[in-house]
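Enquirer: Just run-v9.txt, nothing more (compact mmCIF, N, CA and C atoms):
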# COMPACT_ATOMS: atom_id res chain seq x y z
N MET A 254 -11.56 -71.15 -32.04
CA MET A 254 -10.75 -70.66 -30.95
C MET A 254 -10.25 -69.24 -31.22
N LYS A 255 -9.89 -69.02 -32.49
CA LYS A 255 -9.41 -67.70 -32.87
C LYS A 255 -10.50 -66.64 -32.65
N ARG A 256 -11.76 -66.99 -32.95
CA ARG A 256 -12.87 -66.05 -32.78
C ARG A 256 -13.11 -65.75 -31.30
N VAL A 257 -12.96 -66.73 -30.44
CA VAL A 257 -13.15 -66.53 -29.00
C VAL A 257 -12.09 -65.56 -28.46
N ILE A 258 -10.87 -65.77 -28.88
CA ILE A 258 -9.78 -64.90 -28.43
C ILE A 258 -10.00 -63.47 -28.93
N MET A 259 -10.41 -63.35 -30.19
CA MET A 259 -10.68 -62.02 -30.76
C MET A 259 -11.83 -61.34 -30.02
N ALA A 260 -12.91 -62.10 -29.72
CA ALA A 260 -14.05 -61.54 -29.01
C ALA A 260 -13.63 -61.10 -27.60
N LEU A 261 -12.84 -61.89 -26.93
CA LEU A 261 -12.35 -61.57 -25.59
C LEU A 261 -11.47 -60.32 -25.63
N ALA A 262 -10.58 -60.25 -26.61
CA ALA A 262 -9.70 -59.08 -26.74
C ALA A 262 -10.51 -57.83 -27.03
N PHE A 263 -11.52 -57.94 -27.89
CA PHE A 263 -12.37 -56.81 -28.22
C PHE A 263 -13.15 -56.35 -26.98
N GLY A 264 -13.65 -57.29 -26.20
CA GLY A 264 -14.38 -56.96 -24.97
C GLY A 264 -13.51 -56.22 -23.97
N ILE A 265 -12.29 -56.69 -23.79
CA ILE A 265 -11.37 -56.03 -22.86
C ILE A 265 -11.03 -54.62 -23.36
N PHE A 266 -10.81 -54.48 -24.67
CA PHE A 266 -10.51 -53.18 -25.25
C PHE A 266 -11.68 -52.22 -25.04
N THR A 267 -12.91 -52.69 -25.24
CA THR A 267 -14.10 -51.85 -25.07
C THR A 267 -14.24 -51.38 -23.62
N ILE A 268 -14.05 -52.28 -22.68
CA ILE A 268 -14.13 -51.91 -21.26
C ILE A 268 -13.05 -50.91 -20.90
N SER A 269 -11.84 -51.11 -21.40
CA SER A 269 -10.74 -50.19 -21.13
C SER A 269 -11.01 -48.81 -21.71
N ALA A 270 -11.56 -48.76 -22.90
CA ALA A 270 -11.84 -47.48 -23.55
C ALA A 270 -12.89 -46.70 -22.76
N ASN A 271 -13.92 -47.37 -22.24
CA ASN A 271 -14.96 -46.70 -21.46
C ASN A 271 -14.43 -46.21 -20.12
N ALA A 272 -13.45 -46.85 -19.58
CA ALA A 272 -12.90 -46.46 -18.29
C ALA A 272 -12.01 -45.22 -18.40
N GLN A 273 -11.68 -44.81 -19.61
CA GLN A 273 -10.77 -43.68 -19.82
C GLN A 273 -11.49 -42.35 -19.99
N THR A 274 -12.72 -42.22 -19.51
CA THR A 274 -13.43 -40.95 -19.65
C THR A 274 -12.73 -39.88 -18.83
N ALA A 275 -12.75 -38.67 -19.32
CA ALA A 275 -12.08 -37.56 -18.65
C ALA A 275 -12.82 -37.18 -17.37
N ALA A 276 -12.06 -36.87 -16.35
CA ALA A 276 -12.66 -36.43 -15.10
C ALA A 276 -13.25 -35.04 -15.29
N LYS A 277 -14.40 -34.78 -14.67
CA LYS A 277 -15.01 -33.47 -14.77
C LYS A 277 -14.16 -32.45 -14.02
N LYS A 278 -14.07 -31.26 -14.60
CA LYS A 278 -13.30 -30.19 -13.98
C LYS A 278 -14.05 -29.70 -12.74
N ALA A 279 -13.38 -29.66 -11.64
CA ALA A 279 -14.00 -29.21 -10.40
C ALA A 279 -14.28 -27.71 -10.46
N ALA A 280 -15.39 -27.31 -9.89
CA ALA A 280 -15.74 -25.89 -9.85
C ALA A 280 -14.77 -25.17 -8.93
N THR A 281 -14.27 -24.04 -9.40
CA THR A 281 -13.36 -23.25 -8.57
C THR A 281 -14.21 -22.42 -7.61
N THR A 282 -13.90 -22.50 -6.33
CA THR A 282 -14.68 -21.83 -5.31
C THR A 282 -13.75 -21.09 -4.35
N LYS A 283 -14.15 -19.86 -3.99
CA LYS A 283 -13.40 -19.08 -3.02
C LYS A 283 -14.41 -18.41 -2.08
N GLU A 284 -14.29 -18.69 -0.80
CA GLU A 284 -15.18 -18.12 0.21
C GLU A 284 -14.80 -16.66 0.49
N ILE A 285 -15.81 -15.80 0.61
CA ILE A 285 -15.63 -14.39 0.96
C ILE A 285 -16.50 -14.13 2.18
N SER A 286 -15.91 -13.57 3.23
CA SER A 286 -16.67 -13.34 4.46
C SER A 286 -16.43 -11.92 4.98
N HIS A 287 -17.51 -11.14 5.03
CA HIS A 287 -17.50 -9.78 5.58
C HIS A 287 -16.37 -8.93 5.00
N LYS A 288 -16.24 -8.93 3.69
CA LYS A 288 -15.18 -8.19 3.01
C LYS A 288 -15.78 -6.92 2.40
N VAL A 289 -15.08 -5.80 2.55
CA VAL A 289 -15.51 -4.54 1.96
C VAL A 289 -15.02 -4.51 0.51
N VAL A 290 -15.98 -4.31 -0.41
CA VAL A 290 -15.69 -4.35 -1.85
C VAL A 290 -16.37 -3.19 -2.55
N ASP A 291 -16.00 -2.96 -3.81
CA ASP A 291 -16.72 -2.03 -4.67
C ASP A 291 -17.93 -2.76 -5.22
N ILE A 292 -19.05 -2.02 -5.36
CA ILE A 292 -20.28 -2.59 -5.91
C ILE A 292 -20.89 -1.58 -6.86
N ALA A 293 -21.35 -2.06 -8.02
CA ALA A 293 -21.93 -1.17 -9.03
C ALA A 293 -22.53 -2.03 -10.13
N CYS A 294 -22.92 -1.35 -11.21
CA CYS A 294 -23.39 -2.05 -12.41
C CYS A 294 -22.17 -2.63 -13.12
N GLY A 295 -22.22 -3.90 -13.41
CA GLY A 295 -21.10 -4.56 -14.07
C GLY A 295 -20.81 -4.01 -15.45
N GLU A 296 -21.85 -3.74 -16.21
CA GLU A 296 -21.65 -3.24 -17.57
C GLU A 296 -21.25 -1.77 -17.57
N CYS A 297 -21.98 -0.93 -16.81
CA CYS A 297 -21.76 0.52 -16.85
C CYS A 297 -20.47 0.96 -16.16
N GLN A 298 -20.13 0.36 -15.04
CA GLN A 298 -18.99 0.83 -14.25
C GLN A 298 -17.76 -0.06 -14.33
N PHE A 299 -17.94 -1.38 -14.42
CA PHE A 299 -16.80 -2.30 -14.41
C PHE A 299 -16.47 -2.84 -15.80
N LYS A 300 -17.22 -2.40 -16.82
CA LYS A 300 -16.97 -2.78 -18.22
C LYS A 300 -17.01 -4.29 -18.47
N LEU A 301 -17.86 -5.00 -17.72
CA LEU A 301 -18.08 -6.42 -17.97
C LEU A 301 -19.01 -6.56 -19.17
N LYS A 302 -18.88 -7.63 -19.90
CA LYS A 302 -19.75 -7.86 -21.05
C LYS A 302 -21.05 -8.49 -20.58
N GLY A 303 -22.15 -7.88 -21.00
CA GLY A 303 -23.46 -8.38 -20.65
C GLY A 303 -24.51 -7.76 -21.54
N LYS A 304 -25.78 -8.10 -21.27
CA LYS A 304 -26.87 -7.64 -22.13
C LYS A 304 -27.69 -6.52 -21.50
N SER A 305 -27.60 -6.35 -20.19
CA SER A 305 -28.37 -5.31 -19.53
C SER A 305 -27.62 -4.91 -18.25
N CYS A 306 -28.19 -3.99 -17.52
CA CYS A 306 -27.55 -3.55 -16.29
C CYS A 306 -27.72 -4.63 -15.22
N ASP A 307 -26.59 -5.18 -14.76
CA ASP A 307 -26.59 -6.24 -13.76
C ASP A 307 -25.62 -5.91 -12.64
N LEU A 308 -25.98 -6.28 -11.44
CA LEU A 308 -25.16 -6.03 -10.26
C LEU A 308 -23.84 -6.78 -10.33
N ALA A 309 -22.76 -6.10 -9.91
CA ALA A 309 -21.44 -6.73 -9.89
C ALA A 309 -20.65 -6.19 -8.71
N VAL A 310 -19.67 -6.95 -8.29
CA VAL A 310 -18.75 -6.52 -7.24
C VAL A 310 -17.32 -6.64 -7.76
N ARG A 311 -16.45 -5.80 -7.22
CA ARG A 311 -15.03 -5.88 -7.57
C ARG A 311 -14.29 -6.30 -6.30
N ILE A 312 -13.71 -7.51 -6.36
CA ILE A 312 -13.00 -8.09 -5.22
C ILE A 312 -11.54 -8.26 -5.61
N ASP A 313 -10.67 -7.66 -4.84
CA ASP A 313 -9.22 -7.74 -5.09
C ASP A 313 -8.87 -7.41 -6.55
N GLY A 314 -9.53 -6.38 -7.08
CA GLY A 314 -9.21 -5.90 -8.43
C GLY A 314 -9.90 -6.64 -9.56
N HIS A 315 -10.70 -7.65 -9.26
CA HIS A 315 -11.38 -8.42 -10.31
C HIS A 315 -12.89 -8.29 -10.13
N ALA A 316 -13.61 -7.99 -11.21
CA ALA A 316 -15.06 -7.81 -11.15
C ALA A 316 -15.80 -9.12 -11.44
N TYR A 317 -16.89 -9.32 -10.69
CA TYR A 317 -17.71 -10.53 -10.84
C TYR A 317 -19.18 -10.13 -10.85
N PHE A 318 -19.97 -10.71 -11.74
CA PHE A 318 -21.41 -10.54 -11.66
C PHE A 318 -21.91 -11.23 -10.39
N VAL A 319 -23.02 -10.71 -9.85
CA VAL A 319 -23.58 -11.21 -8.59
C VAL A 319 -24.80 -12.07 -8.87
N ASP A 320 -24.85 -13.24 -8.25
CA ASP A 320 -26.03 -14.10 -8.25
C ASP A 320 -26.63 -14.06 -6.85
N GLY A 321 -27.96 -14.03 -6.77
CA GLY A 321 -28.62 -14.05 -5.47
C GLY A 321 -29.14 -12.70 -5.04
N LYS A 322 -28.72 -11.64 -5.69
CA LYS A 322 -29.22 -10.29 -5.41
C LYS A 322 -29.40 -9.58 -6.74
N ASN A 323 -30.38 -8.68 -6.81
CA ASN A 323 -30.70 -7.97 -8.03
C ASN A 323 -30.29 -6.51 -7.89
N ILE A 324 -29.89 -5.89 -8.97
CA ILE A 324 -29.45 -4.50 -8.95
C ILE A 324 -30.56 -3.57 -8.44
N ASP A 325 -31.82 -3.90 -8.72
CA ASP A 325 -32.94 -3.05 -8.32
C ASP A 325 -33.32 -3.19 -6.84
N GLU A 326 -32.74 -4.15 -6.13
CA GLU A 326 -33.01 -4.29 -4.70
C GLU A 326 -32.40 -3.15 -3.89
N PHE A 327 -31.51 -2.38 -4.51
CA PHE A 327 -30.79 -1.33 -3.80
C PHE A 327 -31.19 0.06 -4.27
N GLY A 328 -32.35 0.20 -4.88
CA GLY A 328 -32.82 1.49 -5.36
C GLY A 328 -32.71 1.59 -6.87
N ASP A 329 -32.94 2.80 -7.37
CA ASP A 329 -32.92 3.06 -8.81
C ASP A 329 -31.49 3.04 -9.33
N ALA A 330 -31.17 2.04 -10.12
CA ALA A 330 -29.81 1.90 -10.64
C ALA A 330 -29.41 3.06 -11.54
N HIS A 331 -30.40 3.73 -12.16
CA HIS A 331 -30.11 4.83 -13.07
C HIS A 331 -30.30 6.20 -12.41
N GLY A 332 -30.53 6.21 -11.10
CA GLY A 332 -30.64 7.47 -10.36
C GLY A 332 -29.28 8.15 -10.24
N LYS A 333 -29.27 9.35 -9.69
CA LYS A 333 -28.04 10.15 -9.60
C LYS A 333 -26.90 9.38 -8.92
N HIS A 334 -27.21 8.67 -7.86
CA HIS A 334 -26.18 7.91 -7.13
C HIS A 334 -26.38 6.40 -7.29
N GLY A 335 -27.13 6.00 -8.31
CA GLY A 335 -27.40 4.59 -8.56
C GLY A 335 -26.17 3.85 -9.07
N PHE A 336 -26.26 2.54 -9.08
CA PHE A 336 -25.12 1.70 -9.44
C PHE A 336 -24.65 1.89 -10.89
N CYS A 337 -25.50 2.39 -11.76
CA CYS A 337 -25.07 2.63 -13.15
C CYS A 337 -24.28 3.92 -13.28
N ASN A 338 -24.40 4.79 -12.28
CA ASN A 338 -23.73 6.10 -12.34
C ASN A 338 -22.64 6.28 -11.31
N ALA A 339 -22.52 5.37 -10.35
CA ALA A 339 -21.51 5.52 -9.31
C ALA A 339 -21.12 4.16 -8.74
N VAL A 340 -19.88 4.07 -8.31
CA VAL A 340 -19.39 2.87 -7.62
C VAL A 340 -19.53 3.12 -6.13
N SER A 341 -20.12 2.18 -5.42
CA SER A 341 -20.31 2.29 -3.97
C SER A 341 -19.47 1.24 -3.26
N LYS A 342 -19.49 1.29 -1.95
CA LYS A 342 -18.81 0.29 -1.12
C LYS A 342 -19.87 -0.56 -0.43
N ALA A 343 -19.56 -1.84 -0.26
CA ALA A 343 -20.46 -2.75 0.44
C ALA A 343 -19.64 -3.80 1.17
N GLU A 344 -20.22 -4.31 2.24
CA GLU A 344 -19.63 -5.45 2.94
C GLU A 344 -20.38 -6.68 2.47
N VAL A 345 -19.64 -7.65 1.94
CA VAL A 345 -20.29 -8.82 1.34
C VAL A 345 -19.82 -10.12 1.97
N THR A 346 -20.72 -11.10 1.92
CA THR A 346 -20.41 -12.46 2.32
C THR A 346 -21.00 -13.38 1.25
N GLY A 347 -20.21 -14.35 0.84
CA GLY A 347 -20.66 -15.29 -0.18
C GLY A 347 -19.48 -16.09 -0.68
N GLU A 348 -19.57 -16.51 -1.92
CA GLU A 348 -18.45 -17.25 -2.49
C GLU A 348 -18.36 -16.99 -3.99
N ILE A 349 -17.15 -17.08 -4.49
CA ILE A 349 -16.92 -16.96 -5.92
C ILE A 349 -16.91 -18.38 -6.49
N VAL A 350 -17.83 -18.64 -7.42
CA VAL A 350 -17.94 -19.95 -8.04
C VAL A 350 -18.00 -19.75 -9.55
N ASN A 351 -17.05 -20.35 -10.26
CA ASN A 351 -17.00 -20.26 -11.72
C ASN A 351 -17.10 -18.83 -12.22
N ASN A 352 -16.31 -17.95 -11.61
CA ASN A 352 -16.19 -16.56 -12.03
C ASN A 352 -17.46 -15.74 -11.81
N ARG A 353 -18.29 -16.13 -10.85
CA ARG A 353 -19.47 -15.35 -10.46
C ARG A 353 -19.51 -15.31 -8.94
N PHE A 354 -20.03 -14.21 -8.38
CA PHE A 354 -20.13 -14.08 -6.93
C PHE A 354 -21.52 -14.51 -6.49
N LYS A 355 -21.60 -15.57 -5.72
CA LYS A 355 -22.85 -16.07 -5.16
C LYS A 355 -23.06 -15.40 -3.81
N ALA A 356 -23.92 -14.38 -3.79
CA ALA A 356 -24.09 -13.55 -2.60
C ALA A 356 -24.98 -14.22 -1.56
N LYS A 357 -24.50 -14.21 -0.33
CA LYS A 357 -25.32 -14.62 0.81
C LYS A 357 -25.82 -13.37 1.52
N GLU A 358 -24.95 -12.36 1.58
CA GLU A 358 -25.31 -11.11 2.26
C GLU A 358 -24.56 -9.95 1.61
N ILE A 359 -25.29 -8.85 1.38
CA ILE A 359 -24.68 -7.61 0.88
C ILE A 359 -25.22 -6.47 1.73
N LYS A 360 -24.31 -5.75 2.36
CA LYS A 360 -24.69 -4.61 3.20
C LYS A 360 -24.01 -3.36 2.63
N LEU A 361 -24.81 -2.44 2.08
CA LEU A 361 -24.25 -1.19 1.54
C LEU A 361 -23.68 -0.36 2.68
N LEU A 362 -22.54 0.25 2.44
CA LEU A 362 -21.91 1.12 3.43
C LEU A 362 -22.21 2.57 3.07
N PRO A 363 -22.28 3.45 4.08
CA PRO A 363 -22.56 4.86 3.79
C PRO A 363 -21.45 5.49 2.94
N ASN A 364 -21.87 6.38 2.03
CA ASN A 364 -20.89 7.08 1.20
C ASN A 364 -20.10 8.09 2.03
N LYS A 365 -18.78 8.09 1.85
CA LYS A 365 -17.92 9.07 2.54
C LYS A 365 -17.81 10.29 1.65
N LYS A 366 -17.95 11.47 2.25
CA LYS A 366 -17.86 12.71 1.46
C LYS A 366 -16.70 13.53 1.87
As structure tokens, please, write out the structure in this file.

Expert:
Amino acid sequence: MKRVIMALAFGIFTISANAQTAAKKAATTKEISHKVVDIACGECQFKLKGKSCDLAVRIDGHAYFVDGKNIDEFGDAHGKHGFCNAVSKAEVTGEIVNNRFKAKEIKLLPNKK
């Protein structure tokens, strides 16, 4: 009888321990729609840590690497007015997910002189 009670207690303890798994942290998401932002090379202009020249945007004072668009889609990044040498303005739509900007649309705005 003692063994049955011990086995039952152990079984309940095991089930309880498995039920206590930590909940997964939800991804932080913020929608951005038709917002004018700074756009440039994250490493060269916004001082983000990375391994090569990658497209980034600065939204409300915080810089984010861009997923879904490539820095070379907008011309020569190392040209005179390229993203590695100058910060431009763009109208963007997408969302910020886990500290990265997931671009749906990026429209470069003309430079004001």

Enquirer: Within 6 Å of Asp320 in chain A, counting all atoms listed in the file, which residues show up once you throw out same-chain ones fewer than 4 positions away? Write them as a compact mmCIF listing (two decimals) with N, CA and C atoms, in the frame of the given file, please.

Expert:
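Saved result, around.txt, follows:
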# COMPACT_ATOMS: atom_id res chain seq x y z
N ARG A 353 -18.29 -16.13 -10.85
CA ARG A 353 -19.47 -15.35 -10.46
C ARG A 353 -19.51 -15.31 -8.94
N PHE A 354 -20.03 -14.21 -8.38
CA PHE A 354 -20.13 -14.08 -6.93
C PHE A 354 -21.52 -14.51 -6.49
N LYS A 355 -21.60 -15.57 -5.72
CA LYS A 355 -22.85 -16.07 -5.16
C LYS A 355 -23.06 -15.40 -3.81
N ALA A 356 -23.92 -14.38 -3.79
CA ALA A 356 -24.09 -13.55 -2.60
C ALA A 356 -24.98 -14.22 -1.56

Enquirer: Write out, as CSV, each residue of range 329-360 of chain A that has an atom at most 6 Å from range 290-313 of chain A, together with the closest pair of atoms and their distance in Å to one decimal, counting only N, CA and C atoms, rows going by chain and rising number.

Expert:
residue,atom,partner,partner_atom,distance
A:Phe336,C,A:Cys294,N,3.7
A:Cys337,N,A:Cys294,N,4.6
A:Ala339,C,A:Ala293,CA,5.4
A:Val340,CA,A:Ile292,C,4.8
A:Ser341,C,A:Ile292,N,3.9
A:Lys342,CA,A:Val290,C,4.5
A:Ala343,C,A:Val290,N,4.0
A:Glu344,N,A:Val290,N,5.0
A:Val345,N,A:Val290,N,5.5

Enquirer: Can you tell me, as a PyMOL selection string, which residues in chain A count as strand (DSSP E) by DSSP?

Expert: chain A and resi 282-294+308-312+315-320+341-350+353-361

Enquirer: Enter the distance from CA of Ala316 in chain A to CA of Thr282 in chain A, in Å, rounded to one decimal.

Expert: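 Between CA of Ala316 in chain A and CA of Thr282 in chain A the gap works out to 15.2 Å.
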
Enquirer: Go ahead and compute the interatomic distance for atom C of Ile285 in chain A and CA of Ala330 in chain A, in Å to one decimal.

Expert: 24.5 Å
